[in-house]
$ cat input_34.cif   # mmCIF, C-alpha atoms and all ligand atoms
data_structure
loop_
_atom_site.label_atom_id
_atom_site.label_comp_id
_atom_site.auth_asym_id
_atom_site.auth_seq_id
_atom_site.Cartn_x
_atom_site.Cartn_y
_atom_site.Cartn_z
CA MET A 28 4.75 -12.47 -39.62
CA ARG A 29 3.05 -15.60 -40.82
CA LYS A 30 4.32 -19.07 -40.16
CA THR A 31 2.44 -20.47 -43.05
CA LEU A 32 2.09 -22.86 -45.92
CA PRO A 33 3.63 -21.87 -49.24
CA SER A 34 0.98 -20.23 -51.40
CA ASN A 35 2.99 -20.80 -54.55
CA HIS A 36 2.56 -24.52 -54.63
CA GLN A 37 -0.29 -24.72 -57.05
CA GLY A 38 0.34 -26.73 -60.13
CA THR A 39 3.68 -28.44 -59.81
CA ILE A 40 5.06 -31.96 -59.81
CA PRO A 41 8.23 -32.09 -57.77
CA ILE A 42 10.95 -33.91 -59.65
CA LYS A 43 14.13 -32.87 -57.93
CA LEU A 44 14.70 -31.26 -54.55
CA VAL A 45 17.55 -28.72 -54.73
CA MET A 46 19.09 -27.38 -51.52
CA ALA A 47 21.64 -24.64 -50.95
CA SER A 48 25.10 -25.93 -50.13
CA ASP A 49 25.85 -27.24 -46.67
CA PHE A 50 27.35 -23.86 -46.02
CA GLN A 51 24.03 -23.30 -44.19
CA ARG A 52 23.01 -25.29 -41.12
CA TYR A 53 19.85 -25.61 -39.08
CA ASP A 54 18.32 -27.71 -36.32
CA CYS A 55 15.49 -26.69 -34.02
CA THR A 56 16.90 -25.66 -30.64
CA GLY A 57 13.45 -25.56 -29.01
CA CYS A 58 13.74 -21.81 -28.33
CA GLY A 59 10.00 -21.43 -29.04
CA VAL A 60 10.46 -18.08 -30.83
CA CYS A 61 8.39 -19.21 -33.83
CA CYS A 62 5.52 -20.28 -31.53
CA LYS A 63 5.18 -16.82 -29.97
CA GLY A 64 3.45 -13.53 -30.73
CA ARG A 65 5.31 -12.38 -33.84
CA PHE A 66 4.04 -15.33 -35.87
CA ALA A 67 0.46 -15.97 -36.93
CA ILE A 68 0.20 -19.76 -37.10
CA THR A 69 -1.69 -20.24 -40.36
CA ILE A 70 -2.89 -23.74 -41.17
CA SER A 71 -4.94 -25.53 -43.84
CA LYS A 72 -8.44 -26.95 -43.40
CA ALA A 73 -6.98 -30.49 -43.37
CA ASP A 74 -4.65 -29.50 -40.51
CA ARG A 75 -7.52 -27.87 -38.64
CA ASP A 76 -9.68 -31.01 -39.05
CA ARG A 77 -6.84 -33.20 -37.77
CA ILE A 78 -6.37 -30.98 -34.70
CA ILE A 79 -10.12 -30.96 -34.00
CA ALA A 80 -10.07 -34.78 -34.12
CA GLN A 81 -7.35 -34.71 -31.46
CA ASN A 82 -10.06 -33.56 -29.01
CA TRP A 83 -8.24 -30.80 -27.13
CA THR A 84 -10.27 -29.22 -24.33
CA GLY A 85 -10.55 -25.49 -23.56
CA GLU A 86 -9.07 -26.07 -20.06
CA GLU A 87 -6.01 -27.87 -21.45
CA LEU A 88 -5.32 -24.96 -23.77
CA ALA A 89 -6.23 -22.17 -21.31
CA LEU A 90 -8.30 -20.44 -23.97
CA GLY A 91 -10.74 -18.88 -21.51
CA GLY A 92 -13.68 -19.43 -23.88
CA ALA A 93 -11.94 -17.93 -26.94
CA PRO A 94 -12.22 -19.93 -30.20
CA LEU A 95 -9.21 -22.09 -31.09
CA PHE A 96 -9.27 -21.12 -34.78
CA THR A 97 -10.01 -17.94 -36.70
CA LYS A 98 -10.81 -18.21 -40.40
CA ARG A 99 -8.58 -16.19 -42.72
CA GLY A 100 -9.46 -16.68 -46.39
CA ASP A 101 -9.18 -20.41 -47.13
CA GLU A 102 -6.92 -20.93 -44.12
CA PHE A 103 -7.21 -20.84 -40.33
CA VAL A 104 -5.11 -19.12 -37.67
CA ILE A 105 -4.50 -20.86 -34.32
CA ALA A 106 -5.40 -18.75 -31.26
CA HIS A 107 -2.66 -17.08 -29.25
CA LEU A 108 -2.86 -16.68 -25.49
CA GLU A 109 -2.61 -13.35 -23.71
CA ASN A 110 1.15 -13.79 -23.29
CA GLY A 111 1.44 -14.01 -27.09
CA ALA A 112 2.19 -17.75 -27.22
CA CYS A 113 0.40 -20.23 -29.46
CA ALA A 114 -2.37 -22.02 -27.57
CA PHE A 115 -0.41 -25.26 -27.94
CA LEU A 116 2.91 -23.98 -26.57
CA GLN A 117 3.74 -25.58 -23.20
CA ASP A 118 5.55 -23.82 -20.37
CA ASP A 119 8.65 -25.90 -21.13
CA GLY A 120 8.79 -24.37 -24.64
CA LEU A 121 7.65 -27.56 -26.38
CA CYS A 122 4.62 -28.11 -28.59
CA ARG A 123 1.72 -29.84 -26.84
CA ILE A 124 0.60 -31.51 -30.09
CA HIS A 125 4.10 -32.83 -30.75
CA ALA A 126 4.37 -34.10 -27.16
CA ARG A 127 1.14 -36.09 -27.41
CA TYR A 128 0.90 -37.13 -31.07
CA GLY A 129 4.43 -36.85 -32.41
CA ILE A 130 5.59 -34.70 -35.31
CA GLY A 131 2.91 -36.06 -37.68
CA GLY A 132 0.16 -34.54 -35.51
CA LYS A 133 1.48 -30.98 -35.89
CA PRO A 134 0.33 -28.40 -38.45
CA THR A 135 2.24 -28.77 -41.72
CA SER A 136 3.32 -25.11 -41.56
CA CYS A 137 4.99 -25.78 -38.18
CA ARG A 138 6.73 -28.88 -39.55
CA LEU A 139 7.98 -26.91 -42.52
CA TYR A 140 9.27 -23.80 -40.71
CA PRO A 141 11.91 -22.36 -41.16
CA PHE A 142 12.09 -23.94 -44.62
CA ARG A 143 10.25 -22.72 -47.70
CA LEU A 144 9.72 -24.92 -50.75
CA ILE A 145 10.05 -23.03 -54.02
CA PRO A 146 8.83 -24.61 -57.30
CA VAL A 147 11.33 -23.87 -60.09
CA GLY A 148 10.32 -25.58 -63.34
CA LYS A 149 10.73 -29.30 -62.73
CA GLN A 150 12.60 -28.77 -59.48
CA VAL A 151 11.59 -27.69 -56.00
CA ARG A 152 14.24 -25.60 -54.30
CA VAL A 153 14.65 -25.12 -50.58
CA ASP A 154 14.87 -21.72 -48.93
CA VAL A 155 15.45 -21.11 -45.22
CA ARG A 156 14.05 -18.20 -43.20
CA PHE A 157 16.59 -16.34 -41.13
CA ASP A 158 14.03 -15.02 -38.64
CA CYS A 159 14.65 -18.35 -36.91
CA PRO A 160 17.47 -17.84 -34.37
CA ALA A 161 18.98 -21.26 -35.17
CA THR A 162 19.17 -20.44 -38.89
CA ALA A 163 20.64 -16.98 -38.26
CA GLY A 164 23.16 -18.50 -35.84
CA ASN A 165 23.92 -21.38 -38.27
CA GLU A 166 23.24 -23.93 -35.54
CA GLY A 167 22.74 -27.63 -36.11
CA ARG A 168 23.30 -30.06 -38.94
CA PRO A 169 23.86 -29.07 -42.58
CA ILE A 170 20.45 -28.37 -44.12
CA SER A 171 20.80 -31.40 -46.42
CA ALA A 172 20.21 -33.53 -43.30
CA HIS A 173 16.54 -32.45 -43.49
CA ARG A 174 16.02 -33.81 -47.00
CA GLY A 175 13.93 -36.84 -45.86
CA GLU A 176 11.46 -34.74 -43.82
CA LEU A 177 11.23 -32.14 -46.59
CA LEU A 178 10.45 -34.82 -49.18
CA THR A 179 7.66 -36.11 -46.92
CA LEU A 180 6.23 -32.60 -46.60
CA LEU A 181 6.55 -32.04 -50.32
CA LYS A 182 4.39 -35.10 -50.96
CA LEU A 183 1.78 -33.84 -48.49
CA LEU A 184 1.70 -30.40 -50.07
CA THR A 185 1.59 -31.43 -53.72
CA ALA A 186 -0.27 -34.76 -53.58
CA ASP A 187 -3.17 -33.74 -55.83
CA ARG A 188 -1.48 -31.15 -58.00
CA ALA A 189 0.04 -31.45 -61.43
CA GLY A 190 1.77 -29.37 -64.07
CA GLU A 191 4.70 -26.98 -64.26
CA LEU A 192 4.45 -23.32 -63.22
CA PRO A 193 4.98 -20.76 -65.99
CA THR A 194 8.23 -18.79 -65.72
CA PRO A 195 7.94 -15.34 -64.16
CA PRO A 196 9.39 -12.59 -66.40
CA LEU A 197 13.12 -11.84 -66.43
CA PHE A 198 12.19 -8.13 -66.32
CA GLY A 199 9.23 -6.12 -67.64
CA ASN A 200 7.47 -8.46 -70.04
CA VAL A 201 10.66 -10.18 -71.25
CA LYS A 202 10.56 -13.91 -70.63
CA VAL A 203 13.21 -16.62 -70.80
CA SER A 204 13.05 -20.34 -69.91
CA TRP A 205 13.44 -21.87 -66.44
CA HIS A 206 16.72 -23.29 -67.74
CA ALA A 207 17.96 -19.77 -68.51
CA LEU A 208 16.92 -18.51 -65.05
CA VAL A 209 18.72 -21.42 -63.38
CA THR A 210 21.84 -20.68 -65.47
CA MET A 211 21.76 -17.02 -64.44
CA THR A 212 21.31 -18.00 -60.80
CA GLU A 213 24.37 -20.26 -60.93
CA ASN A 214 26.38 -17.35 -62.32
CA PHE A 215 25.17 -14.96 -59.60
CA GLU A 216 26.17 -17.61 -57.02
CA ARG A 217 29.62 -17.87 -58.62
CA LEU A 218 30.06 -14.12 -58.47
CA LEU A 219 28.87 -13.93 -54.87
CA LEU A 220 31.32 -16.65 -53.80
CA ASP A 221 34.35 -15.16 -55.58
CA ILE A 222 36.48 -14.74 -52.47
CA SER A 223 39.26 -13.02 -54.40
CA LEU A 224 37.13 -9.87 -54.00
CA PRO A 225 35.85 -8.26 -50.78
CA LEU A 226 32.12 -8.90 -50.21
CA THR A 227 31.03 -5.33 -50.98
CA LYS A 228 32.79 -5.44 -54.37
CA ARG A 229 31.12 -8.77 -55.15
CA ILE A 230 27.69 -7.38 -54.36
CA ALA A 231 28.37 -4.22 -56.37
CA ALA A 232 29.40 -6.53 -59.24
CA CYS A 233 26.08 -8.41 -58.90
CA VAL A 234 24.30 -5.04 -59.18
CA ASN A 235 26.23 -4.37 -62.40
CA LEU A 236 25.35 -7.82 -63.73
CA ILE A 237 21.64 -7.16 -63.13
CA SER A 238 22.01 -4.02 -65.20
CA LEU A 239 23.71 -5.85 -68.09
CA LEU A 240 21.02 -8.54 -68.12
CA ARG A 241 18.28 -5.96 -68.67
CA ASP A 242 18.63 -6.41 -72.42
CA LYS A 243 15.64 -7.53 -74.49
CA ARG A 244 17.91 -9.40 -76.92
CA ILE A 245 18.56 -11.98 -74.21
CA ALA A 246 15.12 -13.49 -74.91
CA THR A 247 16.34 -14.51 -78.38
CA LEU A 248 19.24 -16.62 -77.04
CA ALA A 249 18.94 -20.41 -77.17
CA ASP A 250 19.29 -22.21 -73.82
CA GLY A 251 22.56 -23.77 -75.03
CA ASP A 252 24.12 -20.31 -75.55
CA MET A 253 22.93 -18.82 -72.27
CA ASP A 254 25.74 -20.09 -70.04
CA GLU A 255 28.48 -18.80 -72.33
CA PHE A 256 26.72 -15.43 -72.65
CA VAL A 257 26.13 -14.93 -68.91
CA SER A 258 29.63 -16.22 -68.07
CA SER A 259 31.11 -13.58 -70.36
CA LEU A 260 29.09 -10.89 -68.57
CA VAL A 261 30.32 -12.22 -65.21
CA SER A 262 33.93 -11.95 -66.43
CA THR A 263 33.23 -8.36 -67.50
CA VAL A 264 31.81 -7.29 -64.13
CA GLN A 265 34.57 -9.16 -62.27
CA GLY A 266 37.17 -7.29 -64.35
CA VAL A 267 35.50 -3.97 -63.53
CA ALA A 268 35.37 -4.91 -59.83
CA VAL A 269 39.11 -5.67 -59.79
CA GLU A 270 40.08 -2.49 -61.65
CA ASP A 271 37.69 0.06 -60.14
CA PRO A 272 38.40 1.53 -56.71
CA ILE A 273 35.39 1.69 -54.41
CA VAL A 274 34.25 5.31 -54.31
CA ARG A 275 31.96 6.11 -51.39
CA ARG A 276 29.30 8.70 -51.93
CA ALA A 277 26.58 9.41 -49.39
CA PRO A 278 23.04 8.62 -50.56
CA ASP A 279 21.24 11.83 -51.59
CA MET A 280 18.28 13.11 -49.62
CA MET A 281 15.66 11.19 -51.60
CA GLU A 282 17.63 7.92 -51.43
CA SER A 283 18.17 8.37 -47.68
CA VAL A 284 14.51 9.07 -46.99
CA ILE A 285 13.30 6.03 -48.96
CA PHE A 286 16.00 3.85 -47.41
CA ARG A 287 14.96 4.85 -43.88
CA HIS A 288 11.33 4.28 -44.79
CA MET A 289 12.33 0.72 -45.87
CA LEU A 290 14.08 0.22 -42.52
CA GLY A 291 10.70 0.90 -40.91
CA VAL A 292 8.84 -1.52 -43.19
CA TYR A 293 11.38 -4.31 -42.69
CA SER A 294 11.50 -3.91 -38.91
CA ARG A 295 7.76 -3.60 -38.32
CA VAL A 296 6.46 -6.02 -35.71
CA ASP A 297 2.81 -6.97 -35.57
CA ARG A 298 2.19 -8.95 -32.42
CA VAL A 299 -0.68 -11.32 -32.94
CA GLY A 300 -3.80 -10.07 -31.19
CA GLU A 301 -2.33 -6.61 -30.45
CA LYS A 302 -3.18 -3.44 -32.31
CA ALA A 303 -0.29 -0.99 -32.09
CA SER A 304 -1.46 2.58 -31.66
CA LEU A 305 -1.74 4.23 -35.06
CA LEU A 306 -0.46 7.46 -33.53
CA ALA A 307 2.63 5.75 -32.09
CA ARG A 308 3.31 4.16 -35.46
CA LEU A 309 2.94 7.42 -37.33
CA ASP A 310 5.22 9.15 -34.85
CA ALA A 311 7.91 6.43 -35.25
CA SER A 312 7.60 6.55 -39.06
CA TRP A 313 7.90 10.31 -39.10
CA ARG A 314 10.99 10.33 -36.85
CA LEU A 315 12.56 7.53 -38.89
CA VAL A 316 12.06 9.30 -42.18
CA ALA A 317 13.25 12.64 -40.69
CA GLY A 318 16.48 10.86 -39.70
CA SER A 319 17.68 13.28 -37.01
CA GLY A 320 18.18 12.83 -33.28
CA ASN A 321 17.73 9.28 -32.06
CA VAL A 322 16.35 6.33 -33.99
CA PRO A 323 12.80 5.67 -32.69
CA GLU A 324 12.12 2.35 -30.97
CA LEU A 325 11.28 0.44 -34.17
CA PHE A 326 10.04 -2.52 -32.14
CA PRO A 327 10.08 -3.23 -28.40
CA GLY A 328 13.69 -3.33 -27.29
CA PHE A 329 15.14 -1.75 -30.45
CA PRO A 330 18.11 0.46 -29.47
CA THR A 331 17.33 4.18 -29.74
CA VAL A 332 20.86 5.15 -30.79
CA PRO A 333 21.64 8.45 -32.59
CA PHE A 334 21.18 8.36 -36.39
CA SER A 335 24.46 10.26 -36.77
CA GLN A 336 26.38 7.45 -35.04
CA VAL A 337 24.84 4.80 -37.28
CA GLU A 338 25.84 6.80 -40.37
CA ALA A 339 29.36 7.51 -39.07
CA PHE A 340 30.01 3.91 -37.99
CA GLN A 341 32.59 2.53 -40.39
CA ASP A 342 33.70 -1.04 -40.30
CA LEU A 343 34.17 -3.30 -43.29
CA PRO A 344 32.19 -6.53 -43.14
CA ALA A 345 35.04 -9.06 -42.87
CA GLY A 346 35.85 -12.46 -41.40
CA ASP A 347 32.88 -14.14 -39.65
CA VAL A 348 30.58 -11.21 -40.41
CA SER A 349 31.31 -11.36 -44.13
CA LEU A 350 30.80 -15.15 -44.12
CA ALA A 351 27.46 -14.86 -42.31
CA ILE A 352 26.11 -12.34 -44.84
CA GLU A 353 27.49 -14.40 -47.72
CA ARG A 354 25.66 -17.44 -46.29
CA TYR A 355 22.42 -15.41 -45.98
CA LEU A 356 22.56 -14.12 -49.56
CA HIS A 357 23.80 -17.38 -51.03
CA THR A 358 20.99 -19.40 -49.41
CA HIS A 359 18.32 -17.00 -50.69
CA ILE A 360 19.79 -16.73 -54.19
CA THR A 361 20.28 -20.49 -54.61
CA SER A 362 16.70 -21.15 -53.48
CA MET A 363 15.39 -18.87 -56.25
CA GLY A 364 12.70 -17.82 -53.80
CA PHE A 365 13.52 -14.14 -54.38
CA PHE A 366 11.12 -13.63 -57.32
CA GLY A 367 7.90 -14.97 -58.80
CA GLY A 368 5.70 -16.92 -56.35
CA GLY A 369 8.38 -16.67 -53.65
CA PHE A 370 8.43 -12.86 -53.65
CA TYR A 371 5.21 -11.03 -54.51
CA GLY A 372 5.26 -12.17 -58.16
CA ARG A 373 8.18 -9.85 -58.96
CA SER A 374 10.33 -10.39 -62.04
CA TYR A 375 13.66 -12.21 -61.69
CA LEU A 376 15.85 -9.09 -61.93
CA ASP A 377 13.57 -6.93 -59.73
CA GLY A 378 13.62 -9.71 -57.11
CA LEU A 379 17.40 -9.93 -57.30
CA GLY A 380 17.64 -6.17 -56.76
CA ALA A 381 15.39 -6.52 -53.69
CA ILE A 382 17.51 -9.33 -52.21
CA LEU A 383 20.71 -7.29 -52.75
CA LEU A 384 19.03 -4.33 -51.04
CA THR A 385 19.00 -6.44 -47.87
CA TYR A 386 22.80 -5.98 -47.75
CA PRO A 387 22.69 -2.26 -46.76
CA LEU A 388 19.57 -2.90 -44.65
CA LEU A 389 21.35 -5.68 -42.71
CA LEU A 390 24.41 -3.53 -42.21
CA TRP A 391 22.36 -0.56 -40.97
CA PHE A 392 20.52 -2.70 -38.39
CA ALA A 393 23.77 -4.44 -37.39
CA ARG A 394 25.46 -1.07 -36.84
CA ALA A 395 22.59 0.07 -34.57
CA PHE A 396 22.86 -3.15 -32.52
CA ALA A 397 26.66 -2.90 -32.35
CA ILE A 398 26.53 0.74 -31.17
CA ALA A 399 23.98 -0.14 -28.49
CA ASP A 400 26.33 -2.91 -27.31
CA GLY A 401 29.20 -0.41 -27.08
CA GLN A 402 31.14 -2.04 -29.92
CA GLN A 403 33.45 -0.23 -32.30
CA CYS A 404 33.19 -2.86 -35.01
CA LEU A 405 30.53 -5.14 -36.49
CA ALA A 406 30.15 -8.20 -34.30
CA LEU A 407 28.71 -11.47 -35.58
CA ALA A 408 25.93 -11.40 -32.96
CA ALA A 409 24.77 -7.96 -34.20
CA VAL A 410 24.65 -9.22 -37.80
CA GLU A 411 22.70 -12.33 -36.78
CA ARG A 412 20.13 -10.16 -34.99
CA ALA A 413 19.91 -7.98 -38.09
CA MET A 414 19.26 -11.05 -40.28
CA MET A 415 16.41 -12.07 -37.99
CA VAL A 416 14.86 -8.60 -38.30
CA VAL A 417 15.14 -8.32 -42.08
CA ASP A 418 13.91 -11.84 -42.85
CA HIS A 419 10.81 -11.61 -40.68
CA GLN A 420 8.99 -9.33 -43.10
CA ARG A 421 10.86 -9.98 -46.38
CA GLY A 422 8.54 -11.73 -48.79
CA MET A 423 5.88 -12.10 -46.08
CA THR A 424 4.36 -8.74 -45.27
CA PRO A 425 1.55 -7.61 -47.60
CA LEU A 426 2.87 -4.08 -46.94
CA LEU A 427 5.76 -4.64 -49.37
CA ASN A 428 3.29 -5.73 -52.02
CA THR A 429 1.39 -2.44 -52.43
CA SER A 430 1.99 -0.49 -55.63
CA SER A 431 3.51 2.44 -53.71
CA GLU A 432 5.99 0.20 -51.86
CA GLN A 433 6.84 -1.57 -55.11
CA ALA A 434 7.60 1.80 -56.70
CA LEU A 435 9.82 2.79 -53.74
CA THR A 436 11.67 -0.53 -53.84
CA ARG A 437 12.18 -0.07 -57.57
CA MET A 438 13.71 3.40 -56.97
CA LEU A 439 16.15 1.95 -54.43
CA THR A 440 17.05 -1.07 -56.55
CA GLU A 441 17.71 0.93 -59.71
CA ARG A 442 21.41 0.49 -60.48
CA ASN A 443 22.88 3.77 -59.23
CA ALA A 444 20.90 4.00 -55.99
CA LEU A 445 21.56 0.37 -55.12
CA ARG A 446 25.30 0.66 -55.83
CA ILE A 447 25.51 3.81 -53.70
CA LEU A 448 23.73 2.13 -50.76
CA VAL A 449 25.76 -1.09 -51.06
CA ILE A 450 29.06 0.83 -51.08
CA TRP A 451 28.05 3.45 -48.47
CA TYR A 452 27.04 0.90 -45.84
CA GLY A 453 29.43 -1.84 -46.97
CA SER A 454 32.76 0.02 -46.96
S1 LIG B 1 1.19 -25.76 -33.04
FE1 LIG B 1 2.99 -26.38 -31.84
S2 LIG B 1 4.77 -26.03 -33.21
FE2 LIG B 1 2.99 -24.93 -34.08
S3 LIG B 1 3.21 -22.84 -33.25
FE3 LIG B 1 1.82 -23.98 -31.86
S4 LIG B 1 3.20 -24.76 -30.27
FE4 LIG B 1 4.50 -24.15 -31.99
#
$ encode --input "input_34.cif" --output "structure tokens"
Amino acid sequence: MRKTLPSNHQGTIPIKLVMASDFQRYDCTGCGVCCKGRFAITISKADRDRIIAQNWTGEELALGGAPLFTKRGDEFVIAHLENGACAFLQDDGLCRIHARYGIGGKPTSCRLYPFRLIPVGKQVRVDVRFDCPATAGNEGRPISAHRGELLTLLKLLTADRAGELPTPPLFGNVKVSWHALVTMTENFERLLLDISLPLTKRIAACVNLISLLRDKRIATLADGDMDEFVSSLVSTVQGVAVEDPIVRRAPDMMESVIFRHMLGVYSRVDRVGEKASLLARLDASWRLVAGSGNVPELFPGFPTVPFSQVEAFQDLPAGDVSLAIERYLHTHITSMGFFGGGFYGRSYLDGLGAILLTYPLLLWFARAFAIADGQQCLALAAVERAMMVVDHQRGMTPLLNTSSEQALTRMLTERNALRILVIWYGS
């Protein structure tokens, strides 16, 4: 997917940079994954002009006569070599531009990755992409250590822009203030981090809270009353979570088919410069949706384990695994990049449903990886691989933005279906 500049940056003055807690860590390990075939390196005209002025020659970049840039809308994509690597990636895994000109010479999108900057009223919040192995593995310094570099990038990205973005809807055409959305987010964070409950119960409680917030009367509440109101709803869903036993029920046929279709969308890999055979793709989609026999090879190297084993695999996400998923969800919820400009323009509650849907998706992928590794229980490494798969397309692929995919996501994130999937794969 794209390693790109944020497209939602129009019209905002950054006043405060808000980062998820130091629960999440990151430092570049130089693995080079983000400089290889799965990422289209999309840059601005200013970045392209700076690189042209650096006077790179065709021989240095081994382009074999191919153009260095391809125009895509208002942006440009850097050429990839036959081996799938960015034209500037050296054999030692380092960036040629960085080596010669330092970090300031690199494209802004490369400096920003794996971070995303999300305008939220008079704040800019920081999200982190988990398709980066260092983010998924929680390697490096706490993310707050990157504040200085992020502030520099923020200035570059917003230098000539002014104004505050309008709030996306809460749901449908119901709108509340940025303050109200921030208050709700803090309450979802509180619920997610309530370690007195197992993770699956907490996520099921978040699903219930989404349902309770779909009430048009909420738009009439003053900002000052919002915290008390949402806090009382959180207490209600926490009480239900404590009292109610978790009852597993298998997803029905329709839910299963749509869920497996989503597995295909989230795991799709488009290697830059390669056109996968349409026939091969159709065949994999058909076998995935049919759900019998072995899982097709969703991307090169994906384990073709039996569907029945993935469904029968039962292991509660606990310990390190539970913490890793909690970290994933907490980072994305705190960033508020799960709706509006950060996620296909979706409403706040639809976006929250979509981020909670990643819980059963992550667990399904993690089960497949664990089975292929001969494990009887969910291992941290399997969950980290699953996070890298799910976050590569989430919020990035235009596929998830078509009206048919939106309708399918809505069916899966409707309260009952989402609860069933969360509990089925999470307990
Ligand atoms: S320009 Fe440098 S940092 Fe960006 S993708 Fe290419 S090699 Fe990697």
$ atom_distance --input "input_34.cif" --atom1 "CA of Met414 in chain A" --atom2 "CA of Asp158 in chain A"
6.8 Å
$ atom_distance --input "input_34.cif" --atom1 "CA of Ala106 in chain A" --atom2 "CA of Leu183 in chain A"
24.0 Å
$ residues_around --input "input_34.cif" --residues "Tyr293 in chain A" --least-positions-apart "6" --cutoff "7 Å" --atoms "only C-alpha atoms" --output "list in words"
Val417, Gln420 and Arg421 of chain A
$ residues_around --input "input_34.cif" --residues "Gly320 in chain A" --least-positions-apart "4" --cutoff "8 Å" --atoms "only C-alpha atoms" --output "PDB file with C-alpha atoms, in the frame of the given file"
ATOM      1  CA  PRO A 333      21.640   8.450 -32.590  1.00  0.00           C
ATOM      2  CA  PHE A 334      21.180   8.360 -36.390  1.00  0.00           C
ATOM      3  CA  SER A 335      24.460  10.260 -36.770  1.00  0.00           C
TER       4      SER A 335
END
$ closest_residue --input "input_34.cif" --among "A:Gln265, A:Thr84, A:Asn200, A:Thr212" --to "Phe365 in chain A" --atoms "all atoms listed in the file"
A:Thr212
$ closest_residue --input "input_34.cif" --among "A:Phe115, A:Trp451, A:Phe366, A:Trp391" --to "ligand LIG 1 (chain B)" --atoms "all atoms listed in the file"
A:Phe115
$ atom_distance --input "input_34.cif" --atom1 "CA of Ser238 in chain A" --atom2 "CA of Leu197 in chain A"
11.9 Å
$ residues_near_ligand --input "input_34.cif" --ligand "ligand LIG 1 (chain B)" --cutoff "10 Å" --atoms "all atoms listed in the file" --output "JSON list (two decimals) with C-alpha atoms, keeping the file's coordinate frame"
[["chain", "number", "residue", "atom", "x", "y", "z"],
["A", 30, "LYS", "CA", 4.32, -19.07, -40.16],
["A", 57, "GLY", "CA", 13.45, -25.56, -29.01],
["A", 59, "GLY", "CA", 10.00, -21.43, -29.04],
["A", 60, "VAL", "CA", 10.46, -18.08, -30.83],
["A", 61, "CYS", "CA", 8.39, -19.21, -33.83],
["A", 62, "CYS", "CA", 5.52, -20.28, -31.53],
["A", 63, "LYS", "CA", 5.18, -16.82, -29.97],
["A", 64, "GLY", "CA", 3.45, -13.53, -30.73],
["A", 66, "PHE", "CA", 4.04, -15.33, -35.87],
["A", 67, "ALA", "CA", 0.46, -15.97, -36.93],
["A", 68, "ILE", "CA", 0.20, -19.76, -37.10],
["A", 69, "THR", "CA", -1.69, -20.24, -40.36],
["A", 70, "ILE", "CA", -2.89, -23.74, -41.17],
["A", 78, "ILE", "CA", -6.37, -30.98, -34.70],
["A", 105, "ILE", "CA", -4.50, -20.86, -34.32],
["A", 106, "ALA", "CA", -5.40, -18.75, -31.26],
["A", 107, "HIS", "CA", -2.66, -17.08, -29.25],
["A", 112, "ALA", "CA", 2.19, -17.75, -27.22],
["A", 113, "CYS", "CA", 0.40, -20.23, -29.46],
["A", 114, "ALA", "CA", -2.37, -22.02, -27.57],
["A", 115, "PHE", "CA", -0.41, -25.26, -27.94],
["A", 116, "LEU", "CA", 2.91, -23.98, -26.57],
["A", 117, "GLN", "CA", 3.74, -25.58, -23.20],
["A", 120, "GLY", "CA", 8.79, -24.37, -24.64],
["A", 121, "LEU", "CA", 7.65, -27.56, -26.38],
["A", 122, "CYS", "CA", 4.62, -28.11, -28.59],
["A", 123, "ARG", "CA", 1.72, -29.84, -26.84],
["A", 124, "ILE", "CA", 0.60, -31.51, -30.09],
["A", 125, "HIS", "CA", 4.10, -32.83, -30.75],
["A", 126, "ALA", "CA", 4.37, -34.10, -27.16],
["A", 130, "ILE", "CA", 5.59, -34.70, -35.31],
["A", 132, "GLY", "CA", 0.16, -34.54, -35.51],
["A", 133, "LYS", "CA", 1.48, -30.98, -35.89],
["A", 134, "PRO", "CA", 0.33, -28.40, -38.45],
["A", 135, "THR", "CA", 2.24, -28.77, -41.72],
["A", 136, "SER", "CA", 3.32, -25.11, -41.56],
["A", 137, "CYS", "CA", 4.99, -25.78, -38.18],
["A", 138, "ARG", "CA", 6.73, -28.88, -39.55],
["A", 139, "LEU", "CA", 7.98, -26.91, -42.52],
["A", 140, "TYR", "CA", 9.27, -23.80, -40.71]]
$ closest_residue --input "input_34.cif" --among "A:Pro94, A:Pro225, A:Pro344, A:Pro141" --to "Arg156 in chain A" --atoms "all atoms listed in the file"
A:Pro141
